[in-house]
file coords05.txt (compact mmCIF, C-alpha atoms and all ligand atoms)
# COMPACT_ATOMS: atom_id res chain seq x y z
CA MET A 1 0.00 0.00 0.00
CA ASP A 2 1.26 3.49 -0.85
CA LEU A 3 1.33 5.55 2.33
CA GLN A 4 1.36 8.71 0.18
CA LEU A 5 4.29 10.12 2.14
CA ALA A 6 6.49 11.00 -0.83
CA GLY A 7 7.73 14.58 -0.61
CA LYS A 8 6.39 15.26 2.91
CA ARG A 9 8.74 17.19 5.19
CA ALA A 10 9.45 15.51 8.55
CA LEU A 11 11.43 16.22 11.71
CA VAL A 12 12.16 13.25 13.96
CA THR A 13 13.57 14.43 17.27
CA GLY A 14 16.01 12.26 19.19
CA SER A 15 17.02 10.41 16.04
CA SER A 16 20.77 10.33 16.60
CA SER A 17 20.24 6.87 18.11
CA GLY A 18 17.72 4.20 19.03
CA ILE A 19 14.04 4.28 18.07
CA GLY A 20 14.40 7.65 16.34
CA VAL A 21 16.86 6.22 13.82
CA GLY A 22 14.37 3.50 12.87
CA ILE A 23 11.59 6.08 12.45
CA ALA A 24 13.78 8.43 10.37
CA GLN A 25 14.90 5.53 8.19
CA MET A 26 11.38 4.30 7.48
CA LEU A 27 9.96 7.76 6.76
CA ALA A 28 12.87 8.42 4.39
CA ALA A 29 12.31 5.06 2.69
CA GLU A 30 8.68 6.10 2.16
CA GLY A 31 9.90 9.21 0.33
CA CYS A 32 9.78 11.86 3.07
CA ALA A 33 12.41 14.55 3.34
CA VAL A 34 13.61 13.89 6.90
CA VAL A 35 15.67 15.94 9.32
CA ILE A 36 17.26 13.97 12.13
CA HIS A 37 18.09 15.51 15.49
CA GLY A 38 20.17 15.02 18.62
CA ARG A 39 21.93 16.96 21.35
CA ASN A 40 25.32 15.48 20.75
CA ARG A 41 26.73 16.81 17.45
CA GLU A 42 29.26 14.05 16.92
CA ARG A 43 26.72 11.26 17.42
CA THR A 44 24.18 13.01 15.20
CA GLU A 45 26.73 13.59 12.44
CA SER A 46 27.74 9.96 12.59
CA THR A 47 24.08 8.85 12.21
CA LEU A 48 23.61 11.35 9.39
CA ARG A 49 26.39 9.64 7.44
CA ASP A 50 24.50 6.32 7.61
CA LEU A 51 21.10 7.62 6.50
CA LYS A 52 19.67 9.08 3.31
CA VAL A 53 18.01 12.13 4.87
CA ALA A 54 17.74 15.87 4.19
CA GLY A 55 19.89 17.04 7.08
CA MET A 56 20.21 17.36 10.82
CA ALA A 57 19.38 19.71 13.68
CA ILE A 58 21.20 20.03 16.99
CA GLY A 59 19.79 21.28 20.28
CA ASP A 60 18.64 20.51 23.80
CA LEU A 61 14.84 20.40 23.78
CA SER A 62 14.65 20.86 27.52
CA THR A 63 15.19 24.59 26.98
CA ASP A 64 13.14 27.15 25.02
CA GLU A 65 16.24 28.36 23.17
CA GLY A 66 17.30 24.83 22.23
CA ALA A 67 13.86 23.96 20.88
CA ALA A 68 13.61 27.23 18.89
CA ALA A 69 17.01 26.53 17.36
CA VAL A 70 16.03 22.98 16.40
CA HIS A 71 12.83 24.23 14.78
CA GLU A 72 14.72 26.81 12.74
CA GLN A 73 17.45 24.37 11.66
CA ALA A 74 14.87 21.80 10.62
CA ARG A 75 12.84 24.32 8.60
CA ALA A 76 16.02 25.48 6.85
CA ALA A 77 17.24 21.94 6.07
CA LEU A 78 13.79 20.94 4.80
CA GLY A 79 13.39 24.11 2.73
CA GLY A 80 9.94 24.72 4.19
CA PRO A 81 7.67 24.16 7.19
CA ILE A 82 7.62 20.86 9.08
CA GLU A 83 4.59 18.81 8.00
CA ILE A 84 5.27 15.73 10.13
CA LEU A 85 6.64 16.23 13.64
CA VAL A 86 7.70 13.12 15.52
CA ASN A 87 8.43 14.04 19.13
CA ASN A 88 10.63 11.08 19.95
CA ALA A 89 13.41 12.69 22.03
CA GLY A 90 13.23 11.73 25.68
CA GLY A 91 14.22 9.17 28.23
CA THR A 92 16.10 9.64 31.45
CA ASP A 93 19.59 11.04 31.73
CA GLY A 94 20.21 9.51 35.15
CA ASP A 95 19.36 6.19 36.77
CA SER A 96 16.05 7.09 38.39
CA THR A 97 14.41 4.17 36.51
CA THR A 98 16.06 1.89 39.08
CA ARG A 99 14.74 3.79 42.13
CA PRO A 100 11.32 3.95 43.86
CA PRO A 101 9.41 7.25 44.18
CA LEU A 102 10.76 8.16 47.62
CA LYS A 103 14.32 7.98 46.28
CA ILE A 104 13.70 10.36 43.39
CA THR A 105 14.45 14.04 43.87
CA VAL A 106 12.38 17.04 42.82
CA GLU A 107 15.22 18.02 40.48
CA GLU A 108 14.90 14.65 38.75
CA TRP A 109 11.12 15.15 38.38
CA LEU A 110 11.70 18.59 36.84
CA SER A 111 14.35 17.26 34.48
CA ALA A 112 12.16 14.34 33.34
CA TYR A 113 9.25 16.73 32.73
CA GLN A 114 11.45 19.07 30.70
CA GLY A 115 12.91 16.31 28.56
CA ASN A 116 9.81 14.18 28.00
CA ALA A 117 6.76 16.45 28.21
CA LEU A 118 7.86 20.04 27.59
CA ALA A 119 10.29 19.09 24.79
CA ALA A 120 7.28 17.90 22.77
CA VAL A 121 5.14 20.86 23.82
CA ARG A 122 7.81 23.33 22.68
CA LEU A 123 8.10 21.84 19.21
CA ALA A 124 4.32 21.49 18.83
CA LEU A 125 3.97 25.19 19.68
CA ALA A 126 6.59 26.03 17.07
CA ALA A 127 5.43 23.73 14.25
CA ALA A 128 1.63 23.60 14.58
CA PRO A 129 0.84 27.13 13.25
CA ASP A 130 2.37 26.25 9.84
CA MET A 131 0.46 22.95 9.79
CA ILE A 132 -2.80 24.74 10.57
CA SER A 133 -2.16 27.30 7.81
CA ALA A 134 -1.54 24.45 5.35
CA ALA A 135 -4.63 22.59 6.62
CA TRP A 136 -2.52 19.44 6.96
CA GLY A 137 -0.07 18.13 9.51
CA ARG A 138 0.90 15.23 11.74
CA ILE A 139 2.19 15.38 15.31
CA ILE A 140 3.21 12.04 16.78
CA ASN A 141 4.37 11.90 20.38
CA ILE A 142 6.48 8.94 21.47
CA SER A 143 5.45 8.07 25.00
CA SER A 144 5.82 4.76 26.82
CA ALA A 145 3.77 1.80 28.02
CA VAL A 146 4.66 2.88 31.56
CA ALA A 147 2.71 6.12 31.14
CA VAL A 148 -0.52 4.20 31.66
CA GLN A 149 0.91 1.22 33.57
CA PRO A 150 3.64 2.56 35.85
CA ASN A 151 5.80 0.17 37.77
CA ASN A 152 7.24 1.09 41.17
CA LEU A 153 10.40 2.61 39.74
CA GLY A 154 11.24 5.79 37.84
CA SER A 155 8.04 7.69 38.60
CA ASP A 156 9.59 10.97 37.39
CA TYR A 157 9.82 9.46 33.89
CA THR A 158 6.50 7.60 33.95
CA GLY A 159 4.73 10.71 35.26
CA ALA A 160 6.24 12.93 32.57
CA LYS A 161 5.16 10.48 29.85
CA ALA A 162 1.63 10.45 31.32
CA ALA A 163 1.58 14.24 30.93
CA LEU A 164 2.61 13.80 27.30
CA ASN A 165 -0.33 11.40 26.69
CA ASN A 166 -2.65 13.97 28.21
CA PHE A 167 -1.24 16.72 25.96
CA THR A 168 -1.89 14.57 22.86
CA VAL A 169 -5.59 14.26 23.64
CA SER A 170 -6.20 17.92 24.43
CA LEU A 171 -4.16 19.17 21.47
CA ALA A 172 -5.99 16.80 19.10
CA GLY A 173 -9.34 18.01 20.43
CA SER A 174 -8.39 21.67 20.10
CA LEU A 175 -7.35 21.12 16.46
CA GLN A 176 -10.72 19.69 15.45
CA GLY A 177 -11.30 19.97 11.71
CA SER A 178 -7.89 21.57 11.06
CA GLY A 179 -6.41 18.71 9.03
CA VAL A 180 -3.76 18.28 11.74
CA THR A 181 -3.85 15.02 13.68
CA VAL A 182 -2.08 14.39 16.98
CA ASN A 183 -1.40 10.91 18.29
CA THR A 184 0.65 9.06 20.86
CA VAL A 185 2.69 5.94 20.18
CA SER A 186 3.60 4.04 23.32
CA PRO A 187 6.51 1.63 22.99
CA GLY A 188 7.03 -1.23 25.39
CA ILE A 189 10.59 -2.38 26.01
CA ILE A 190 12.60 -1.72 22.88
CA MET A 191 16.16 -2.99 22.73
CA THR A 192 18.04 0.14 21.65
CA SER A 193 21.66 1.13 22.06
CA GLY A 194 20.47 3.45 24.86
CA LEU A 195 18.89 0.58 26.79
CA LEU A 196 21.92 -1.61 26.19
CA ALA A 197 24.28 1.13 27.42
CA PHE A 198 22.06 1.71 30.46
CA GLY A 199 22.19 -2.01 31.32
CA ARG A 200 25.94 -2.30 30.84
CA HIS A 201 26.51 0.78 32.99
CA ASN A 202 24.02 -0.23 35.66
CA TYR A 203 25.44 -3.75 35.95
CA ALA A 204 29.03 -2.52 35.58
CA ASN A 205 29.68 -4.97 32.75
CA PRO A 206 30.58 -3.39 29.38
CA ASP A 207 30.57 -6.79 27.63
CA MET A 208 26.94 -7.74 28.33
CA THR A 209 24.91 -8.66 25.25
CA ALA A 210 21.45 -7.24 24.62
CA THR A 211 19.90 -10.56 25.68
CA GLU A 212 21.92 -10.65 28.91
CA VAL A 213 20.90 -7.10 29.76
CA ALA A 214 17.25 -7.90 29.08
CA ASP A 215 17.36 -11.11 31.15
CA ARG A 216 19.03 -9.32 34.04
CA MET A 217 16.45 -6.51 33.98
CA VAL A 218 13.67 -9.10 34.02
CA ALA A 219 15.35 -10.82 37.00
CA ASP A 220 15.58 -7.46 38.79
CA LYS A 221 11.87 -6.87 38.11
CA ILE A 222 12.54 -3.70 36.11
CA PHE A 223 10.27 -5.22 33.46
CA ASP A 224 8.79 -8.53 32.35
CA TYR A 225 8.88 -10.15 28.93
CA PRO A 226 5.53 -9.22 27.36
CA PRO A 227 3.13 -11.78 25.79
CA SER A 228 4.97 -11.35 22.47
CA GLY A 229 7.85 -13.26 24.10
CA ARG A 230 10.39 -10.86 22.72
CA LEU A 231 11.43 -7.26 23.14
CA GLY A 232 10.57 -4.71 20.49
CA THR A 233 12.74 -3.20 17.76
CA PRO A 234 12.89 0.38 16.45
CA GLU A 235 11.25 -0.94 13.23
CA ASP A 236 8.21 -2.11 15.24
CA ILE A 237 7.67 1.48 16.35
CA ALA A 238 8.56 3.02 12.98
CA LEU A 239 5.85 1.02 11.20
CA ILE A 240 3.06 2.48 13.34
CA VAL A 241 4.56 5.99 13.24
CA SER A 242 4.75 5.87 9.42
CA THR A 243 1.16 4.68 9.23
CA LEU A 244 -0.05 7.49 11.49
CA ALA A 245 2.00 10.00 9.47
CA SER A 246 0.28 8.94 6.26
CA PRO A 247 -2.39 11.17 4.71
CA ARG A 248 -4.50 7.97 4.69
CA SER A 249 -4.69 8.12 8.52
CA GLY A 250 -6.72 11.35 8.74
CA PHE A 251 -9.47 9.67 10.79
CA VAL A 252 -7.05 8.72 13.57
CA THR A 253 -6.42 11.49 16.09
CA GLY A 254 -6.18 11.79 19.87
CA ALA A 255 -5.31 8.10 20.02
CA ASN A 256 -2.67 6.19 21.94
CA TYR A 257 -1.19 3.31 19.94
CA ARG A 258 0.44 0.71 22.15
CA VAL A 259 3.34 -1.06 20.45
CA ASP A 260 4.42 -3.06 23.45
CA GLY A 261 4.11 -6.76 22.61
CA GLY A 262 1.06 -6.91 24.88
CA GLN A 263 2.86 -5.47 27.93
CA VAL A 264 -0.05 -3.24 28.98
CA ARG A 265 -2.79 -5.54 30.18
CA THR A 266 -5.97 -3.65 29.49
CA VAL A 267 -9.10 -4.37 27.52
N1 LIG T 301 13.87 2.02 24.45
C1 LIG T 301 12.76 1.74 25.10
O1 LIG T 301 12.59 0.64 25.61
C2 LIG T 301 11.66 2.76 25.21
C3 LIG T 301 10.44 2.34 25.76
C4 LIG T 301 9.40 3.24 25.86
C5 LIG T 301 9.56 4.53 25.42
N2 LIG T 301 10.76 4.93 24.90
C6 LIG T 301 10.86 6.32 24.44
O2 LIG T 301 11.27 6.33 23.09
C7 LIG T 301 12.07 7.49 22.83
C8 LIG T 301 13.42 7.07 22.24
O3 LIG T 301 14.05 6.18 23.15
P1 LIG T 301 15.41 5.39 22.80
O4 LIG T 301 15.44 4.21 23.67
O5 LIG T 301 15.53 5.24 21.35
O6 LIG T 301 16.48 6.42 23.37
P2 LIG T 301 18.03 6.67 23.04
O7 LIG T 301 18.60 5.61 22.17
O8 LIG T 301 18.63 6.96 24.36
O9 LIG T 301 17.94 8.03 22.19
C9 LIG T 301 17.38 9.17 22.76
C10 LIG T 301 17.44 10.29 21.75
O10 LIG T 301 16.82 11.45 22.30
C11 LIG T 301 17.75 12.51 22.35
N3 LIG T 301 17.44 13.30 23.54
C12 LIG T 301 17.19 12.87 24.78
N4 LIG T 301 16.90 13.91 25.58
C13 LIG T 301 16.96 15.03 24.82
C14 LIG T 301 16.78 16.41 25.06
N5 LIG T 301 16.47 16.91 26.27
N6 LIG T 301 16.94 17.28 24.03
C15 LIG T 301 17.27 16.82 22.81
N7 LIG T 301 17.46 15.52 22.53
C16 LIG T 301 17.32 14.64 23.51
C17 LIG T 301 19.11 11.87 22.36
O11 LIG T 301 20.07 12.76 21.84
P3 LIG T 301 21.64 12.70 22.29
O12 LIG T 301 22.06 11.26 22.20
O13 LIG T 301 22.33 13.55 21.31
O14 LIG T 301 21.67 13.20 23.68
C18 LIG T 301 18.87 10.68 21.41
O15 LIG T 301 18.89 11.12 20.07
C19 LIG T 301 12.19 8.22 24.16
O16 LIG T 301 11.22 9.24 24.23
C20 LIG T 301 11.91 7.14 25.18
O17 LIG T 301 11.40 7.67 26.38
C21 LIG T 301 11.81 4.07 24.78
call {"tool": "encode", "arguments": {"input": "coords05.txt", "output": "structure tokens", "more": "lines below"}}
Ligand SMILES: NC(=O)c1ccc[n+]([C@@H]2O[C@H](COP(=O)([O-])OP(=O)(O)OC[C@H]3O[C@@H](n4cnc5c(N)ncnc54)[C@H](OP(=O)(O)O)[C@@H]3O)[C@@H](O)[C@H]2O)c1
result
Amino acid sequence: MDLQLAGKRALVTGSSSGIGVGIAQMLAAEGCAVVIHGRNRERTESTLRDLKVAGMAIGDLSTDEGAAAVHEQARAALGGPIEILVNNAGGTDGDSTTRPPLKITVEEWLSAYQGNALAAVRLALAAAPDMISAAWGRIINISSAVAVQPNNLGSDYTGAKAALNNFTVSLAGSLQGSGVTVNTVSPGIIMTSGLLAFGRHNYANPDMTATEVADRMVADKIFDYPPSGRLGTPEDIALIVSTLASPRSGFVTGANYRVDGGQVRTV
């Protein structure tokens, strides 16, 4: 099926590594002009060399200035307004995902909120006016399964992702009839280089394989293998993001797509 994405202009934030790379790759393969993004210039440049995309943008989305700079760089590299905004940047910079709520500081809560909720809000504020003027646009927020099914660890992160889900629904509602859709995609556990690095660091073993890290995290009750019996891949997420980005998906807005192998147990 033709997703009718050829020629669309897309920014995928946080695409210097992990899930974002998979999303950028698939949108580019579907014919989109894609700008990738990261904070770390070297890492982003290295990813840029591997992909067939329009360019890159650098900036910390946890600040207003950083987000404004990313928006401007993306617009310039794309040669026009962003039509598809994938707010994928996020995660946790520290190790709060291994600690219970009473061991997480207010500073960590603020940082998680900046990086996971406000980063997306800033870029939506910047990009949505052009989408509304063009009567077409797509905003896709990458959240997490733990936004709706938090475990007992990392509540700064899970809480910030829950705020992002909430933002999706109210923004979609406020853009009724505009041609701009807003959706959430909620990954389960996806084996990315970020997760692998986190595991190796946390278990002080730089030689651990992805499977060993996953098994150890299951043993430590950080997560469970979902009903799918395997962890997810960036391509699993990219497929749903590309589908939502398609002009064919105009009837889908305000939704939360779980791509979690069945991890969230709800009807
Ligand atoms: N992997 C999973 O299991 C999983 C599960 C559920 C949800 N998610 C979500 O999926 C998204 C991608 O995760 P991932 O595992 O692919 O992460 P990753 O490999 O660690 O990559 C994170 C990306 O986001 C960028 N980034 C992070 N904070 C940023 C900030 N404040 N400003 C600008 N860029 C920032 C990083 O840039 P630099 O490297 O340049 O700093 C990097 O490009 C995140 O939102 C994460 O919360 C992941």
call {"tool": "closest_atom_pairs", "arguments": {"input": "coords05.txt", "of": "chain A", "to": "ligand LIG 301 (chain T)", "cutoff": "7 Å", "atoms": "all atoms listed in the file", "output": "tab-separated table"}}
result
residue	atom	partner	partner_atom	distance
A:Thr13	CA	T:LIG301	N7	6.6
A:Gly14	CA	T:LIG301	O15	3.2
A:Ser15	CA	T:LIG301	O15	4.5
A:Ser16	CA	T:LIG301	O15	4.0
A:Ser17	CA	T:LIG301	O7	4.6
A:Gly18	CA	T:LIG301	O5	3.4
A:Ile19	CA	T:LIG301	O5	3.7
A:Gly20	CA	T:LIG301	O5	5.7
A:His37	CA	T:LIG301	O15	6.4
A:Gly38	CA	T:LIG301	O13	3.8
A:Arg39	CA	T:LIG301	O13	3.4
A:Asn40	CA	T:LIG301	O13	3.6
A:Arg41	CA	T:LIG301	O13	6.7
A:Arg43	CA	T:LIG301	O13	6.3
A:Thr44	CA	T:LIG301	O13	6.4
A:Gly59	CA	T:LIG301	C15	5.7
A:Asp60	CA	T:LIG301	N6	3.7
A:Leu61	CA	T:LIG301	N6	3.8
A:Ser62	CA	T:LIG301	N5	4.5
A:Asn88	CA	T:LIG301	O16	4.7
A:Ala89	CA	T:LIG301	O10	3.6
A:Gly90	CA	T:LIG301	O16	3.5
A:Gly91	CA	T:LIG301	O17	3.7
A:Gly115	CA	T:LIG301	N5	4.3
A:Asn116	CA	T:LIG301	O16	6.4
A:Ala119	CA	T:LIG301	N5	6.7
A:Ile142	CA	T:LIG301	O16	5.5
A:Ser143	CA	T:LIG301	C5	5.4
A:Ser144	CA	T:LIG301	C5	4.0
A:Ala145	CA	T:LIG301	C4	6.2
A:Ser186	CA	T:LIG301	C5	6.3
A:Pro187	CA	T:LIG301	C4	4.4
A:Gly188	CA	T:LIG301	C3	5.0
A:Ile189	CA	T:LIG301	O1	3.6
A:Ile190	CA	T:LIG301	O1	3.6
A:Met191	CA	T:LIG301	N1	5.8
A:Thr192	CA	T:LIG301	O4	5.2
A:Ser193	CA	T:LIG301	O7	5.4
A:Gly194	CA	T:LIG301	O7	3.9
A:Leu195	CA	T:LIG301	N1	5.7
call {"tool": "write_last_selection", "arguments": {"input": "coords05.txt", "atoms": "C-alpha atoms", "output": "mmCIF file, in the frame of the given file"}}
result
data_model
loop_
_atom_site.group_PDB
_atom_site.id
_atom_site.type_symbol
_atom_site.label_atom_id
_atom_site.label_comp_id
_atom_site.auth_asym_id
_atom_site.auth_seq_id
_atom_site.Cartn_x
_atom_site.Cartn_y
_atom_site.Cartn_z
ATOM 1 C CA THR A 13 13.570 14.430 17.270
ATOM 2 C CA GLY A 14 16.010 12.260 19.190
ATOM 3 C CA SER A 15 17.020 10.410 16.040
ATOM 4 C CA SER A 16 20.770 10.330 16.600
ATOM 5 C CA SER A 17 20.240 6.870 18.110
ATOM 6 C CA GLY A 18 17.720 4.200 19.030
ATOM 7 C CA ILE A 19 14.040 4.280 18.070
ATOM 8 C CA GLY A 20 14.400 7.650 16.340
ATOM 9 C CA HIS A 37 18.090 15.510 15.490
ATOM 10 C CA GLY A 38 20.170 15.020 18.620
ATOM 11 C CA ARG A 39 21.930 16.960 21.350
ATOM 12 C CA ASN A 40 25.320 15.480 20.750
ATOM 13 C CA ARG A 41 26.730 16.810 17.450
ATOM 14 C CA ARG A 43 26.720 11.260 17.420
ATOM 15 C CA THR A 44 24.180 13.010 15.200
ATOM 16 C CA GLY A 59 19.790 21.280 20.280
ATOM 17 C CA ASP A 60 18.640 20.510 23.800
ATOM 18 C CA LEU A 61 14.840 20.400 23.780
ATOM 19 C CA SER A 62 14.650 20.860 27.520
ATOM 20 C CA ASN A 88 10.630 11.080 19.950
ATOM 21 C CA ALA A 89 13.410 12.690 22.030
ATOM 22 C CA GLY A 90 13.230 11.730 25.680
ATOM 23 C CA GLY A 91 14.220 9.170 28.230
ATOM 24 C CA GLY A 115 12.910 16.310 28.560
ATOM 25 C CA ASN A 116 9.810 14.180 28.000
ATOM 26 C CA ALA A 119 10.290 19.090 24.790
ATOM 27 C CA ILE A 142 6.480 8.940 21.470
ATOM 28 C CA SER A 143 5.450 8.070 25.000
ATOM 29 C CA SER A 144 5.820 4.760 26.820
ATOM 30 C CA ALA A 145 3.770 1.800 28.020
ATOM 31 C CA SER A 186 3.600 4.040 23.320
ATOM 32 C CA PRO A 187 6.510 1.630 22.990
ATOM 33 C CA GLY A 188 7.030 -1.230 25.390
ATOM 34 C CA ILE A 189 10.590 -2.380 26.010
ATOM 35 C CA ILE A 190 12.600 -1.720 22.880
ATOM 36 C CA MET A 191 16.160 -2.990 22.730
ATOM 37 C CA THR A 192 18.040 0.140 21.650
ATOM 38 C CA SER A 193 21.660 1.130 22.060
ATOM 39 C CA GLY A 194 20.470 3.450 24.860
ATOM 40 C CA LEU A 195 18.890 0.580 26.790
#
call {"tool": "closest_residue", "arguments": {"input": "coords05.txt", "among": "A:Ala160, A:Val21, A:Leu171, A:Ala29", "to": "A:Leu125", "atoms": "only C-alpha atoms"}}
result
A:Leu171
call {"tool": "closest_residue", "arguments": {"input": "coords05.txt", "among": "A:Ser242, A:Thr184, A:Asn165, A:Thr98", "to": "A:Cys32", "atoms": "only C-alpha atoms"}}
result
A:Ser242
call {"tool": "closest_residue", "arguments": {"input": "coords05.txt", "among": "A:Met217, A:Leu239, A:Arg49, A:Ala162", "to": "A:Gln149", "atoms": "only C-alpha atoms"}}
result
A:Ala162
call {"tool": "residues_around", "arguments": {"input": "coords05.txt", "residues": "stretch 63-71 of chain A", "least_positions_apart": "3", "cutoff": "9 Å", "atoms": "all atoms listed in the file", "output": "ChimeraX atom specification"}}
result
/A:11,13,37,56-60,74-76,82,114-115,118-119,122-123,126-127
call {"tool": "closest_residue", "arguments": {"input": "coords05.txt", "among": "A:Val86, A:Val34, A:Leu175, A:Ile140", "to": "A:Arg9", "atoms": "only C-alpha atoms"}}
result
A:Val34
call {"tool": "closest_residue", "arguments": {"input": "coords05.txt", "among": "A:Ala124, A:Leu231, A:Ala163, A:Leu27", "to": "A:Gly262", "atoms": "only C-alpha atoms"}}
result
A:Leu231
call {"tool": "atom_distance", "arguments": {"input": "coords05.txt", "atom1": "atom CA of A:Gln176", "atom2": "atom CA of A:Ala255"}}
result
13.6 Å
call {"tool": "atom_distance", "arguments": {"input": "coords05.txt", "atom1": "atom CA of A:Gly31", "atom2": "atom CA of A:Val180"}}
result
20.0 Å
call {"tool": "atom_distance", "arguments": {"input": "coords05.txt", "atom1": "atom CA of A:Tyr257", "atom2": "atom CA of A:Ala24"}}
result
18.5 Å
call {"tool": "closest_residue", "arguments": {"input": "coords05.txt", "among": "A:Thr105, A:Asn152, A:Ser111, A:Gln4", "to": "A:Asp93", "atoms": "all atoms listed in the file"}}
result
A:Ser111
call {"tool": "residues_around", "arguments": {"input": "coords05.txt", "residues": "A:Ala214", "least_positions_apart": "3", "cutoff": "10 Å", "atoms": "all atoms listed in the file", "output": "number ranges by chain"}}
result
A: 189-191, 195-196, 199, 208-211, 217-220, 222-225, 230-231
